[in-house]
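A.B. asks: Below you'll find the structure I mean.
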Amino acid sequence: MTIIFFLIACSVLLALLFLGAFFWAHNSGQNKDLYTPSVRILFDDELREENEEEKKPQI
Amino acid sequence: MDIQTQLLCYHCGDLCLTENLKQEDKNFCCSGCLNVYSILSNGGLNNYYKLNQHPGASQDKAIGRFGYLDNVEIAAKLIHYSDSQKTTITFYIPSIHCSSCIWLLEHLNTIDSAIQENRVDFLKKQVYIQFNPQQTSLKNIAELLTNIGYEPLISLQDVVNSDVAKKDKLIPKIAVAGFCFGNAMLLSFPAYFGLSASDAQFGKAFSLLSLLFCLPAVFYSGWDYFKRAHQSLKQKNLNIDFPLALGIAVLLIRTLSDFTFNTGEGFADSLTGLVFFLLIGKFVQQKTYHHLSFERDYRSFFPVAVDVLDEDGNTKPVALENLKEGDRILVKSQEIIPADAILLKGDALIDFSFVTGESQAVDKVLGEIIYAGGRQTTGSLELEVVKPVSQSYLTGLWNNEAFQKINSNKTKTFVNQISHYFSLVLLILATSALLFWLPQNWQTGLNAFTAILIIACPCALALSTPFTMGAALSIFDKNKFYLKNTDIVEQLAAIDTIVFDKTGTVTQSEGNSISFQGELNQEEKEIIYSICKNSIHPLSRKICGFLNNIKTVKVYGYQEHIGSGITAFCDDKKVLIGNANLIVDGKSIITNAPQVHVSIAGKYLGYFEIRQKVRSGLQEILNQLNHTYRTFLISGDKLQNSSVLNNCFKNNEDLYFNQSPQNKLDFINNKQQQNNKVLMLGDGLNDAGALKQSNVGIAVTDNINNFTPGSDAILDGQSLTFLPNFLSFAKSTVKIIHLSFCIAVCYNIVGISFAIQGELSPLIAAILMPVSTITIIAFTSFATHFSAKKHKLKP
């Protein structure tokens with residue numbers, strides 16, 4: 001049963017890792033703007049379509 | 001009547017008044033919009049128009065002169081970072097409103113290659129730009145933005161990016177508390193389910209681990225509660241933080257002692273859970289409106305810099321605070337006069353509606369003193385400054401005592417009132433339990449003492465207000481009513497007197513109603529339209545808007561007579577358009593509304609009358625409000641239009657005209673002396689003092705980004721009709737808080753009945769606390785949304 005100590009240590013370590021990841025994300029400003037990226041991601045798709053259209057005649 | 005098809009501007013969607021502005025079969029309402037379109041289509045940015053219909057903002061009133069950005073001192077205050085290769089700056093652009101805006105502003109480098117990187121923050125309406133200072137300048141960037149229809153609002157007072165720091169600190173605290181709570185809970189489960197004697201070693205280890213998890217939860221996440229409890233003790237008024245801090249401290253001490261003396265499992269999970277839920281409550285309560293600022297003062301109303309003329313007649317931009325007495329300044333059309341000054345040159349027709357509440361533009365003659373804050377409506381002016389900005393008549397308002405004191409005229413909130421007594425009762429109860437047990441068994445006594453403090457820790461009470469108010473705030477927010485903080489809801493519920501300002505609040509500042517007194521046939525209309533089109537006088541523009549998009553005829557001999565009107569010829573007919581003095585047989589009928597008389601070929605036709613438009617639905621709002629509230633109208637305006645307004649208010653004595661800003665403030669103060677709780681609705685600078693003095697000051701505005709002085713809330717003009725609903729909803733919100741307090745007390749009575757016998761086990765605490773918390777959260781959220789539906793604030 002002493003294996004439980006090892007398992008608990010692992011789980012706590014893992015949890016700490018996630019906490020650290022959250023802090024990193026927060027401090028790097030990922031939570032600052034939660035809206036604009038959702039719009040921005042749609043633009044990229046449209047631009048790609050345009051580029052493809054431009055490329056087609058060249059082929 | 002002939003049927004007119006309505007032409008909408010391709011850029012902004014406004015009605016086109018002429019058909020002359022065309023490009024590639026697209027119609028535009030003004031040359032500004034056409035300009036923007038041609039810049040964008042030349043830059044290959046036509047996608048802008050594909051993403052949304054009419055994505056642009058109207059360019060009709062766009063001004064924007066950024067000469068001052070070349071001034072190193074001013075620029076340095078705005079720039080974040082600068083070296084020889086790159087400069088970064090964040091602009092606040094109020095006209096960001098749709099996905100097209102984001103797309104366009106993030107593709108600026110196709111127009112100007114000097115821009116290296118740019119990113120839009122949509123909710124904050126900000127754009128972050130990084131550019132190469134060797135290829136372009138700050139001024140060019142600002143002008144580029146203005147040219148494509150996104151004029152940045154530059155003001156030295158609203159420091160971009162500074163408003164979010166507070167909420168940012170809370171999130172890591174919640175994260176840590178949540179981490180500790182989750183782990184401590186898992187480690188407590190074995191103890192609750194019972195460990196066999198052979199597994200006792202695990203129990204000890206688990207307790208130690210959970211104890212370790214308590215430490216960051218208390219000393220990092222929960223530390224603010226101790227700080228605030230200490231403050232409240234100093235002020236000798238026990239606020240809600242005192243019993244909370246006491247509960248946290250007792251929980252920690254009990255857990256520590258249970259561990260060291262091996263007397264139980266400890267309360268680690270209850271402790272971390274308490275801190276976690278409390279912080280969540282705090283988070284819900286803090287609502288930040290990134291695009292709004294409630295504390296803008298007069299400085300944000302004024303331009304950042306003014307053009308100063310030197311002896312040789314050259315202009316140079318000078319920062320506003322460096323403006324000296326005797327400086328000669330140049331004020332162009334639509335600009336604000338920044339300091340009290342004497343008129344030296346030009347045709348001054350100044351709109352003081354924001355400063356005095358007077359809705360009609362005022363003519364000023366050469367040599368007259370013009371007070372700061374007026375907006376020049378025609379042509380440019382040359383003025384000599386007589387007082388520096390900080391000493392002008394307008395700024396004097398800010399030195400009024402109403403602005404010095406903080407919130408002293410607000411009533412205490414429910415939680416603050418109750419928590420003082422709550423803490424006292426709690427302490428008395430706990431001590432008497434201790435004294436009762438002490439003679440028999442000191443251990444049971446201590447148990448009972450700590451158990452009472454733990455179980456009665458007013459977690460549910462502390463959460464009921466934030467969750468109810470948080471839900472209420474988001475409902476107000478959806479109806480375009482933005483509150484500064486949650487306390488305002490309770491203030492709103494206590495109101496019994498409502499004071500309206502007139503100009504801009506009950507009447508609309510723009511969109512006056514025009515009527516023609518007399519008869520006009522189609523030909524005459526065309527002639528008037530063709531003539532007025534040439535003039536930039538505000539009244540001519542309004543007449544053009546009224547006659548709206550008809551054929552133009554040829555006019556010649558056009559002459560504008562300053563201060564009286566226009567003469568012109570059309571088919572050998574002499575046309576006179578102007579005030580009564582210009583037209584010989586025109587008789588001015590006294591109505592106090594501006595009139596424009598018309599005569600063609602010596603024949604007097606009649607006059608246009610321009611009246612202010614009363615906001616739609618005003619009558620119904622006031623009819624509803626008059627049942628429960630005393631209503632008053634207070635205006636800086638001359639007595640006019642009163643027949644319309646008299647119907648709305650109960651007595652004629654409730655309407656006050658010709659009131660100075662100081663009069664308004666005194667009026668509110670007077671009402672408060674008579675124990676009335678006053679709600680003031682106003683818009684301009686002239687109401688600033690009254691808004692600040694009143695229990696709740698609401699700034700009514702058609703443009704949310706306007707300057708809103710001293711206000712507790714900002715209301716979009718369109719939502720004014722909901723005012724009665726807002727007020728009754730605020731009342732029911734307070735009722736919900738009272739009810740949830742009752743629920744919390746019920747839980748406490750159950751818990752204390754265990755605790756007083758000294759029998760509180762960690763398991764009971766661990767169940768009771770989350771259950772009561774979840775009941776409260778569910779009840780308040782459900783009840784708030786239900787009552788919002790009842791008050792028609794939610795579909």
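Ordered as shown in the structure tokens, chains take letters A, B, and onward, while each chain numbers its residues from 1 and ligands are numbered from 1 in the order shown.
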Return as a PyMOL selection string the residues belonging to chain B that are within 10 Å of chain A, counting only C-alpha atoms.
C.D. replies: chain B and resi 47+51+98-100+102-103+106+119-124+164+168+171-172+175-176+178-180+182-183+187+199+201-202+205-206+209
A.B. asks: For Gln491 of chain B, please output as a PyMOL selection string all residues within 12 Å (counting only C-alpha atoms; exclusion window: fewer than 6 positions along the same chain).
C.D. replies: chain B and resi 407+409-414+483-485+677-679+694-698+712-713+727+730-731+733-734
A.B. asks: Write out as a PyMOL selection string the residues lying within 12 Å of Tyr220 of chain B, counting only C-alpha atoms and excluding same-chain residues fewer than 6 positions away.
C.D. replies: chain B and resi 169-170+172-177+180+213-214+226-227+272+275-276+279
A.B. asks: Contacts of segment 430-441 of chain B at 7 Å or less, counting only C-alpha atoms, minus same-chain residues fewer than 4 places along, as a count of residues only?
C.D. replies: 8
A.B. asks: Separation of atom CA of Leu427 of chain B and atom CA of Phe754 of chain B, in Å?
C.D. replies: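 Atom-to-atom, atom CA of Leu427 of chain B to atom CA of Phe754 of chain B, that is 16.8 Å.
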A.B. asks: Pick out the residues sitting within 12 Å of Lys671 of chain B, and hand them over as a list in words; count only C-alpha atoms, and ignore anything fewer than 2 positions along from it in its own chain.
C.D. replies: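 Here the answer would be Ile495, Asp496, Thr497, Ile498, Val499, Arg630, Thr631, Phe632, Lys664, Leu665, Asp666, Phe667, Ile668, Asn669, Gln673, Gln674, Asn675, Asn676, Lys677, Val678, Leu679, Met680, Ala690, Gln693, Ser694 and Asn695 of chain B.
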A.B. asks: How far is it from atom CA of Phe516 of chain B to atom CA of Ile528 of chain B, in Å with one decimal?
C.D. replies: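 Atom-to-atom, atom CA of Phe516 of chain B and atom CA of Ile528 of chain B are spaced 12.1 Å apart.
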